[in-house]
$ cat start09.txt   # compact mmCIF, C-alpha atoms
# COMPACT_ATOMS: atom_id res chain seq x y z
CA MET A 1 1.81 -6.30 -0.41
CA ILE A 2 -1.20 -5.21 -2.40
CA GLY A 3 -0.65 -2.93 -5.38
CA THR A 4 -2.42 -1.37 -8.33
CA ALA A 5 0.59 -0.96 -10.64
CA LEU A 6 1.38 -4.36 -12.12
CA ASP A 7 4.34 -3.13 -14.17
CA ILE A 8 5.98 -1.61 -11.09
CA MET A 9 5.22 -4.67 -8.96
CA SER A 10 6.73 -6.93 -11.60
CA GLN A 11 10.00 -5.00 -11.50
CA VAL A 12 10.37 -4.69 -7.73
CA ALA A 13 9.18 -8.27 -7.08
CA PRO A 14 7.87 -8.13 -3.51
CA PRO A 15 7.87 -11.35 -1.45
CA ARG A 16 4.11 -11.76 -1.96
CA GLY A 17 2.33 -9.41 -4.37
CA ALA A 18 -1.44 -9.15 -4.74
CA PHE A 19 -2.43 -7.12 -7.78
CA VAL A 20 -5.76 -5.29 -7.76
CA ASP A 21 -6.76 -3.72 -11.07
CA HIS A 22 -7.92 -0.42 -9.58
CA PRO A 23 -6.65 3.09 -10.35
CA VAL A 24 -3.68 4.12 -8.25
CA GLY A 25 -4.79 5.76 -5.03
CA ARG A 26 -8.00 3.70 -4.88
CA THR A 27 -6.48 0.38 -3.83
CA PHE A 28 -9.40 -0.65 -1.67
CA GLY A 29 -12.12 0.85 -3.81
CA PRO A 30 -14.00 4.14 -4.21
CA PRO A 31 -14.21 6.59 -1.30
CA HIS A 32 -16.71 5.78 1.45
CA ASP A 33 -17.54 2.28 0.19
CA ARG A 34 -16.88 0.22 3.32
CA PRO A 35 -18.22 -3.08 1.89
CA CYS A 36 -15.82 -2.74 -1.05
CA ASN A 37 -12.88 -1.91 1.26
CA ALA A 38 -13.56 -5.04 3.31
CA ASP A 39 -14.11 -7.18 0.22
CA VAL A 40 -10.78 -6.24 -1.36
CA LEU A 41 -8.97 -6.73 1.92
CA ARG A 42 -10.65 -10.09 2.51
CA LYS A 43 -9.60 -11.26 -0.97
CA THR A 44 -6.06 -10.01 -0.37
CA LEU A 45 -5.70 -11.87 2.91
CA ALA A 46 -7.18 -15.01 1.36
CA GLU A 47 -4.19 -15.09 -1.00
CA PHE A 48 -1.57 -15.09 1.79
CA PRO A 49 -1.32 -18.89 2.20
CA LEU A 50 -1.34 -19.49 -1.56
CA PHE A 51 1.97 -17.87 -2.46
CA THR A 52 4.67 -20.42 -3.16
CA HIS A 53 7.77 -18.37 -3.92
CA CYS A 54 9.29 -14.93 -3.50
CA GLY A 55 8.33 -12.50 -6.24
CA GLU A 56 5.06 -14.21 -7.09
CA ILE A 57 2.22 -11.88 -8.07
CA ARG A 58 -1.39 -13.03 -7.82
CA ALA A 59 -4.28 -11.08 -9.34
CA LEU A 60 -7.33 -10.44 -7.19
CA ALA A 61 -10.79 -11.01 -8.62
CA CYS A 62 -11.73 -7.33 -8.40
CA GLU A 63 -12.71 -5.01 -11.22
CA TRP A 64 -13.06 -1.24 -11.46
CA PRO A 65 -15.86 -0.64 -12.20
CA ALA A 66 -17.78 -3.87 -11.70
CA ASP A 67 -18.62 -4.14 -15.41
CA GLY A 68 -14.93 -4.33 -16.30
CA GLY A 69 -14.92 -1.18 -18.46
CA ARG A 70 -11.54 0.55 -18.98
CA GLU A 71 -12.76 4.13 -19.48
CA TRP A 72 -11.20 5.07 -16.13
CA GLU A 73 -7.73 4.72 -17.71
CA GLU A 74 -8.07 7.95 -19.69
CA ASP A 75 -9.09 9.88 -16.57
CA LEU A 76 -6.18 8.35 -14.68
CA ARG A 77 -3.69 9.13 -17.43
CA ALA A 78 -4.83 12.77 -17.42
CA GLU A 79 -4.56 12.91 -13.64
CA LEU A 80 -1.02 11.51 -13.66
CA LEU A 81 0.19 13.77 -16.44
CA HIS A 82 -0.92 16.87 -14.58
CA GLU A 83 1.06 15.79 -11.54
CA ARG A 84 4.18 17.91 -11.10
CA MET B 1 -4.51 -5.59 -19.90
CA ALA B 2 -3.36 -3.75 -16.80
CA PHE B 3 -2.71 -0.01 -16.96
CA GLU B 4 0.97 0.72 -17.59
CA TYR B 5 2.19 3.27 -15.08
CA LEU B 6 5.88 3.42 -15.92
CA PRO B 7 5.55 5.04 -19.37
CA VAL B 8 3.06 7.59 -18.04
CA MET B 9 5.27 8.38 -15.05
CA ALA B 10 8.27 8.76 -17.35
CA ARG B 11 6.32 11.16 -19.53
CA ALA B 12 5.06 13.10 -16.50
CA GLY B 13 8.61 13.50 -15.18
CA ALA B 14 10.20 14.50 -18.48
CA PRO B 15 12.73 15.95 -19.21
CA LYS B 16 14.15 14.41 -16.02
CA PRO B 17 15.20 10.76 -16.56
CA PRO B 18 12.72 8.11 -15.35
CA ARG B 19 12.86 7.07 -11.72
CA VAL B 20 15.02 4.04 -10.97
CA LEU B 21 13.09 1.25 -9.25
CA ALA B 22 15.18 -0.42 -6.58
CA THR B 23 15.01 -4.09 -5.67
CA PRO B 24 16.14 -5.34 -2.26
CA SER B 25 19.64 -6.71 -1.96
CA LYS B 26 18.35 -9.60 0.17
CA THR B 27 15.43 -11.97 -0.32
CA ALA B 28 12.64 -11.13 2.12
CA TRP B 29 10.63 -14.34 1.83
CA GLN B 30 9.53 -15.82 5.17
CA ARG B 31 7.30 -18.83 5.59
CA LEU B 32 3.97 -18.22 7.30
CA GLU B 33 4.37 -19.80 10.74
CA LYS B 34 0.65 -20.00 11.50
CA PRO B 35 -2.70 -19.43 9.79
CA LEU B 36 -3.84 -15.83 9.44
CA ALA B 37 -6.81 -16.64 11.68
CA GLN B 38 -4.26 -17.08 14.46
CA SER B 39 -1.96 -14.25 13.41
CA ARG B 40 -1.50 -10.70 14.57
CA VAL B 41 -1.58 -8.44 11.52
CA ALA B 42 -0.36 -4.90 10.87
CA LEU B 43 -0.69 -2.53 7.94
CA LEU B 44 2.28 -0.76 6.41
CA THR B 45 1.69 2.28 4.23
CA SER B 46 3.93 4.53 2.18
CA ALA B 47 1.29 7.25 2.05
CA ALA B 48 3.13 9.29 4.72
CA LEU B 49 -0.07 9.36 6.70
CA ARG B 50 -0.39 9.96 10.42
CA SER B 51 -2.78 10.79 13.18
CA SER B 52 -3.60 14.49 13.16
CA GLU B 53 -1.69 15.10 16.42
CA GLN B 54 1.55 13.51 15.17
CA ALA B 55 4.37 15.53 13.59
CA PRO B 56 4.04 16.03 9.82
CA PHE B 57 6.30 14.23 7.39
CA ILE B 58 8.73 16.56 5.64
CA PRO B 59 8.19 16.41 1.87
CA ARG B 60 10.36 14.40 -0.49
CA ASP B 61 13.07 12.51 1.43
CA ASP B 62 11.84 12.10 5.01
CA THR B 63 12.93 8.65 6.23
CA SER B 64 11.08 8.75 9.54
CA TYR B 65 8.02 6.65 10.33
CA ARG B 66 4.89 6.95 12.45
CA LEU B 67 3.12 4.41 14.59
CA VAL B 68 -0.56 4.97 13.80
CA PRO B 69 -3.12 3.52 16.24
CA SER B 70 -4.91 0.55 14.73
CA ASP B 71 -8.20 1.46 16.40
CA PRO B 72 -10.32 3.04 13.64
CA ALA B 73 -11.92 5.30 16.25
CA ALA B 74 -8.53 6.69 17.30
CA GLY B 75 -8.85 10.00 15.51
CA THR B 76 -8.43 11.62 12.12
CA ILE B 77 -5.88 10.45 9.56
CA VAL B 78 -3.87 13.05 7.64
CA ILE B 79 -1.99 12.23 4.42
CA ASP B 80 1.27 14.18 4.03
CA HIS B 81 2.50 12.49 0.84
CA HIS B 82 3.31 15.03 -1.85
CA SER B 83 1.91 13.00 -4.76
CA GLY B 84 -0.71 14.66 -6.89
CA ILE B 85 -2.86 11.52 -6.78
CA GLY B 86 -3.74 12.37 -3.18
CA ARG B 87 -6.93 14.26 -4.01
CA VAL B 88 -9.13 11.15 -3.87
CA PRO B 89 -7.42 9.31 -0.96
CA ARG B 90 -7.69 12.48 1.15
CA GLN B 91 -11.47 12.27 0.76
CA ASP B 92 -11.31 8.86 2.46
CA PRO B 93 -7.93 7.50 3.64
CA GLU B 94 -9.52 4.07 4.11
CA ILE B 95 -9.11 3.45 0.38
CA VAL B 96 -5.32 3.33 0.83
CA PHE B 97 -5.21 2.56 4.58
CA PRO B 98 -8.02 0.09 5.38
CA ARG B 99 -7.81 0.49 9.15
CA ALA B 100 -11.54 0.00 9.73
CA ALA B 101 -11.73 -2.90 7.27
CA LEU B 102 -8.90 -4.73 9.01
CA ALA B 103 -10.56 -4.20 12.39
CA THR B 104 -13.75 -5.64 10.92
CA LEU B 105 -11.92 -8.71 9.68
CA ALA B 106 -10.35 -9.14 13.12
CA ASN B 107 -13.84 -9.10 14.67
CA GLU B 108 -14.93 -11.71 12.12
CA GLY B 109 -11.98 -13.96 12.98
CA VAL B 110 -10.37 -13.70 9.53
CA ILE B 111 -7.21 -12.60 11.30
CA GLY B 112 -6.22 -13.54 14.84
CA SER B 113 -5.73 -10.02 16.14
CA LEU B 114 -4.79 -6.48 15.23
CA SER B 115 -1.38 -5.06 15.87
CA PRO B 116 -1.78 -2.22 18.39
CA PHE B 117 -0.44 0.09 15.70
CA HIS B 118 0.14 0.27 11.96
CA ILE B 119 3.26 1.85 10.45
CA SER B 120 3.40 4.72 7.99
CA PHE B 121 6.36 6.15 6.10
CA MET B 122 7.06 8.27 3.03
CA GLY B 123 6.96 6.54 -0.35
CA GLY B 124 9.03 7.44 -3.39
CA LEU B 125 12.20 7.89 -1.33
CA LYS B 126 15.35 8.29 -3.40
CA SER B 127 17.73 7.25 -0.62
CA HIS B 128 17.41 3.51 -1.26
CA HIS B 129 20.42 2.66 0.89
CA GLU B 130 18.91 4.41 3.90
CA VAL B 131 15.58 2.67 3.34
CA GLU B 132 17.21 -0.76 3.30
CA SER B 133 19.83 -0.18 6.00
CA SER B 134 17.88 1.98 8.44
CA LEU B 135 14.16 2.50 7.83
CA ALA B 136 13.20 -1.10 7.00
CA PRO B 137 15.11 -2.64 9.95
CA ALA B 138 13.56 -0.08 12.31
CA ILE B 139 10.08 -0.97 11.06
CA ALA B 140 10.85 -4.69 11.40
CA ALA B 141 11.99 -4.12 15.00
CA GLU B 142 8.74 -2.31 15.82
CA LEU B 143 6.73 -5.18 14.37
CA ARG B 144 8.72 -7.76 16.33
CA ARG B 145 8.24 -5.79 19.56
CA ALA B 146 4.49 -5.86 18.97
CA ASP B 147 4.52 -9.61 18.23
CA VAL B 148 3.18 -9.03 14.74
CA ASP B 149 3.09 -12.19 12.63
CA ALA B 150 2.24 -10.71 9.25
CA ALA B 151 2.19 -7.24 7.73
CA LEU B 152 0.40 -6.01 4.61
CA LEU B 153 2.16 -3.22 2.72
CA VAL B 154 -0.06 -0.86 0.76
CA PRO B 155 2.19 1.24 -1.48
CA TYR B 156 1.00 4.73 -2.32
$ encode --input "start09.txt" --output "structure tokens"
Amino acid sequence: MIGTALDIMSQVAPPRGAFVDHPVGRTFGPPHDRPCNADVLRKTLAEFPLFTHCGEIRALACEWPADGGREWEEDLRAELLHER
Amino acid sequence: MAFEYLPVMARAGAPKPPRVLATPSKTAWQRLEKPLAQSRVALLTSAALRSSEQAPFIPRDDTSYRLVPSDPAAGTIVIDHHSGIGRVPRQDPEIVFPRAALATLANEGVIGSLSPFHISFMGGLKSHHEVESSLAPAIAAELRRADVDAALLVPY
């Protein structure tokens, strides 16, 4: 699997877990960015043969946004807290 | 440091107790039998998405699934999942269901071939027993029938 929530992935321990540090709901990148979608998917599939044991989680070399800033976390927190 | 979802989700759900995360009762590890470049690959999604002509998922505890054509030109995708985070994925379902991207990688030879369909179901189901005893085996049977070698789950 590929997931954006490392804490959840760590608890459920899928057979092969690829972690992408993107906001939830944007696993393969921003809307309408086909090169980014393909890039994340290509990196995910490249990890498949590298897993050695059940429950292993491997982090993909992807950042949101590309400069590695974390400002998106406040927007995401607000979005999640308004979810009812 | 990765964003911590569990505390935020617990706060969002308060005063109800936090959701219980289930782990499978059986180990699901299978060795890869062949390289991905020779493998048929399918997507699995818990976004409760479907083709526009398929029956909608019923909110909350629907344990059915949909076979969604893997051809990216095979019509519009609709997301039925009740989560409030759906505003952005509904603008472009490819960001949670990379149907076109996987087809591209098949054309490039990164994977051997596409499954004729991908499989969609509802995420956040509370009936863990039914997921493990009924839904998951049914999905596995569909994948075996289609000679799928590997499946990528994208949780929603």
$ interface_residues --input "start09.txt" --of "chain A" --to "chain B" --cutoff "7 Å" --atoms "all atoms listed in the file" --output "number ranges by chain"
A: 1-3, 5-8, 12, 15, 21, 25-32, 37-38, 54, 73, 77, 80-81, 83
$ closest_residue --input "start09.txt" --among "B:Ser52, B:Thr63, B:Asp147, B:Glu33" --to "B:Lys126" --atoms "only C-alpha atoms"
B:Thr63
$ closest_residue --input "start09.txt" --among "A:Ala13, A:Ala78, A:Leu45, A:Cys36" --to "A:Ala66" --atoms "all atoms listed in the file"
A:Cys36
$ atom_distance --input "start09.txt" --atom1 "atom CA of A:Asp67" --atom2 "atom CA of A:Phe51"
27.9 Å
$ atom_distance --input "start09.txt" --atom1 "atom CA of B:Ala37" --atom2 "atom CA of B:Pro116"
16.7 Å
$ atom_distance --input "start09.txt" --atom1 "atom CA of B:Gly109" --atom2 "atom CA of B:Ile79"
29.3 Å
$ residues_near_point --input "start09.txt" --point "(-13.1, -8.7, -5.8)" --cutoff "8 Å" --atoms "all atoms listed in the file" --output "list in words"
Asp39, Val40, Lys43, Leu60, Ala61, Cys62 and Glu63 of chain A
$ write_last_selection --input "start09.txt" --atoms "C-alpha atoms" --output "PDB file, keeping the file's coordinate frame"
ATOM      1  CA  ASP A  39     -14.110  -7.180   0.220  1.00  0.00           C
ATOM      2  CA  VAL A  40     -10.780  -6.240  -1.360  1.00  0.00           C
ATOM      3  CA  LYS A  43      -9.600 -11.260  -0.970  1.00  0.00           C
ATOM      4  CA  LEU A  60      -7.330 -10.440  -7.190  1.00  0.00           C
ATOM      5  CA  ALA A  61     -10.790 -11.010  -8.620  1.00  0.00           C
ATOM      6  CA  CYS A  62     -11.730  -7.330  -8.400  1.00  0.00           C
ATOM      7  CA  GLU A  63     -12.710  -5.010 -11.220  1.00  0.00           C
TER       8      GLU A  63
END
$ closest_residue --input "start09.txt" --among "A:Arg34, A:Ala59, A:Leu41, A:Pro49" --to "A:Val20" --atoms "only C-alpha atoms"
A:Ala59
$ closest_residue --input "start09.txt" --among "B:His128, B:Arg60, B:Lys26, B:Arg145" --to "B:Asp80" --atoms "all atoms listed in the file"
B:Arg60
$ residues_around --input "start09.txt" --residues "B:Ala136" --least-positions-apart "2" --cutoff "12 Å" --atoms "only C-alpha atoms" --output "ChimeraX atom specification"
/B:24,28,44,46,63-65,119-122,128-134,138-143
$ decode --input "start09.txt" --residues "stretch 61-72 of chain A" --atoms "all heavy atoms" --output "mmCIF file, in the first residue's frame"
data_model
loop_
_atom_site.group_PDB
_atom_site.id
_atom_site.type_symbol
_atom_site.label_atom_id
_atom_site.label_comp_id
_atom_site.auth_asym_id
_atom_site.auth_seq_id
_atom_site.Cartn_x
_atom_site.Cartn_y
_atom_site.Cartn_z
ATOM 1 N N ALA A 61 10.842 9.299 -1.575
ATOM 2 C CA ALA A 61 11.563 10.578 -1.691
ATOM 3 C C ALA A 61 10.669 11.590 -2.396
ATOM 4 O O ALA A 61 10.927 11.990 -3.529
ATOM 5 C CB ALA A 61 12.869 10.361 -2.450
ATOM 6 N N CYS A 62 9.596 11.977 -1.717
ATOM 7 C CA CYS A 62 8.661 12.974 -2.250
ATOM 8 C C CYS A 62 8.426 13.989 -1.158
ATOM 9 O O CYS A 62 8.297 13.622 0.007
ATOM 10 C CB CYS A 62 7.322 12.339 -2.626
ATOM 11 S SG CYS A 62 7.416 11.011 -3.829
ATOM 12 N N GLU A 63 8.299 15.245 -1.517
ATOM 13 C CA GLU A 63 8.003 16.281 -0.532
ATOM 14 C C GLU A 63 6.844 17.136 -1.024
ATOM 15 O O GLU A 63 6.684 17.342 -2.213
ATOM 16 C CB GLU A 63 9.237 17.160 -0.285
ATOM 17 C CG GLU A 63 10.310 16.480 0.538
ATOM 18 C CD GLU A 63 11.461 17.421 0.856
ATOM 19 O OE1 GLU A 63 11.716 18.328 0.057
ATOM 20 O OE2 GLU A 63 12.102 17.230 1.908
ATOM 21 N N TRP A 64 6.097 17.656 -0.073
ATOM 22 C CA TRP A 64 4.975 18.546 -0.364
ATOM 23 C C TRP A 64 5.157 19.797 0.446
ATOM 24 O O TRP A 64 5.047 19.747 1.670
ATOM 25 C CB TRP A 64 3.669 17.869 0.016
ATOM 26 C CG TRP A 64 2.461 18.687 -0.280
ATOM 27 C CD1 TRP A 64 2.108 19.868 0.285
ATOM 28 C CD2 TRP A 64 1.447 18.366 -1.223
ATOM 29 N NE1 TRP A 64 0.930 20.304 -0.226
ATOM 30 C CE2 TRP A 64 0.496 19.408 -1.167
ATOM 31 C CE3 TRP A 64 1.248 17.313 -2.110
ATOM 32 C CZ2 TRP A 64 -0.644 19.410 -1.961
ATOM 33 C CZ3 TRP A 64 0.115 17.318 -2.889
ATOM 34 C CH2 TRP A 64 -0.818 18.360 -2.807
ATOM 35 N N PRO A 65 5.358 20.940 -0.106
ATOM 36 C CA PRO A 65 5.740 21.164 -1.497
ATOM 37 C C PRO A 65 7.200 20.800 -1.731
ATOM 38 O O PRO A 65 7.841 20.300 -0.811
ATOM 39 C CB PRO A 65 5.514 22.670 -1.662
ATOM 40 C CG PRO A 65 5.760 23.213 -0.292
ATOM 41 C CD PRO A 65 5.317 22.151 0.686
ATOM 42 N N ALA A 66 7.709 21.060 -2.888
ATOM 43 C CA ALA A 66 9.048 20.604 -3.258
ATOM 44 C C ALA A 66 10.121 21.217 -2.372
ATOM 45 O O ALA A 66 11.197 20.650 -2.214
ATOM 46 C CB ALA A 66 9.341 20.925 -4.729
ATOM 47 N N ASP A 67 9.865 22.356 -1.747
ATOM 48 C CA ASP A 67 10.892 22.970 -0.900
ATOM 49 C C ASP A 67 10.904 22.393 0.510
ATOM 50 O O ASP A 67 11.682 22.801 1.360
ATOM 51 C CB ASP A 67 10.701 24.491 -0.849
ATOM 52 C CG ASP A 67 9.414 24.910 -0.138
ATOM 53 O OD1 ASP A 67 8.692 24.036 0.380
ATOM 54 O OD2 ASP A 67 9.120 26.116 -0.105
ATOM 55 N N GLY A 68 10.014 21.448 0.788
ATOM 56 C CA GLY A 68 10.019 20.780 2.083
ATOM 57 C C GLY A 68 9.374 21.556 3.207
ATOM 58 O O GLY A 68 9.427 21.143 4.364
ATOM 59 N N GLY A 69 8.731 22.713 2.913
ATOM 60 C CA GLY A 69 8.059 23.485 3.949
ATOM 61 C C GLY A 69 6.902 22.715 4.567
ATOM 62 O O GLY A 69 6.319 21.853 3.918
ATOM 63 N N ARG A 70 6.576 23.014 5.839
ATOM 64 C CA ARG A 70 5.514 22.285 6.550
ATOM 65 C C ARG A 70 4.292 23.158 6.801
ATOM 66 O O ARG A 70 3.406 22.786 7.569
ATOM 67 C CB ARG A 70 6.034 21.750 7.891
ATOM 68 C CG ARG A 70 7.311 20.940 7.848
ATOM 69 C CD ARG A 70 7.204 19.642 7.102
ATOM 70 N NE ARG A 70 6.251 18.721 7.683
ATOM 71 C CZ ARG A 70 5.987 17.510 7.157
ATOM 72 N NH1 ARG A 70 6.612 17.127 6.061
ATOM 73 N NH2 ARG A 70 5.117 16.711 7.726
ATOM 74 N N GLU A 71 4.191 24.296 6.112
ATOM 75 C CA GLU A 71 3.053 25.188 6.375
ATOM 76 C C GLU A 71 1.718 24.506 6.061
ATOM 77 O O GLU A 71 0.686 24.860 6.621
ATOM 78 C CB GLU A 71 3.173 26.471 5.535
ATOM 79 C CG GLU A 71 4.343 27.387 5.941
ATOM 80 C CD GLU A 71 5.685 26.922 5.380
ATOM 81 O OE1 GLU A 71 5.696 26.030 4.501
ATOM 82 O OE2 GLU A 71 6.719 27.457 5.841
ATOM 83 N N TRP A 72 1.738 23.528 5.164
ATOM 84 C CA TRP A 72 0.493 22.859 4.778
ATOM 85 C C TRP A 72 -0.166 22.139 5.949
ATOM 86 O O TRP A 72 -1.360 21.842 5.918
ATOM 87 C CB TRP A 72 0.758 21.874 3.644
ATOM 88 C CG TRP A 72 1.783 20.803 3.912
ATOM 89 C CD1 TRP A 72 3.112 20.846 3.629
ATOM 90 C CD2 TRP A 72 1.555 19.521 4.526
ATOM 91 N NE1 TRP A 72 3.722 19.687 4.016
ATOM 92 C CE2 TRP A 72 2.806 18.844 4.562
ATOM 93 C CE3 TRP A 72 0.427 18.863 5.033
ATOM 94 C CZ2 TRP A 72 2.946 17.562 5.090
ATOM 95 C CZ3 TRP A 72 0.569 17.593 5.553
ATOM 96 C CH2 TRP A 72 1.826 16.952 5.583
#
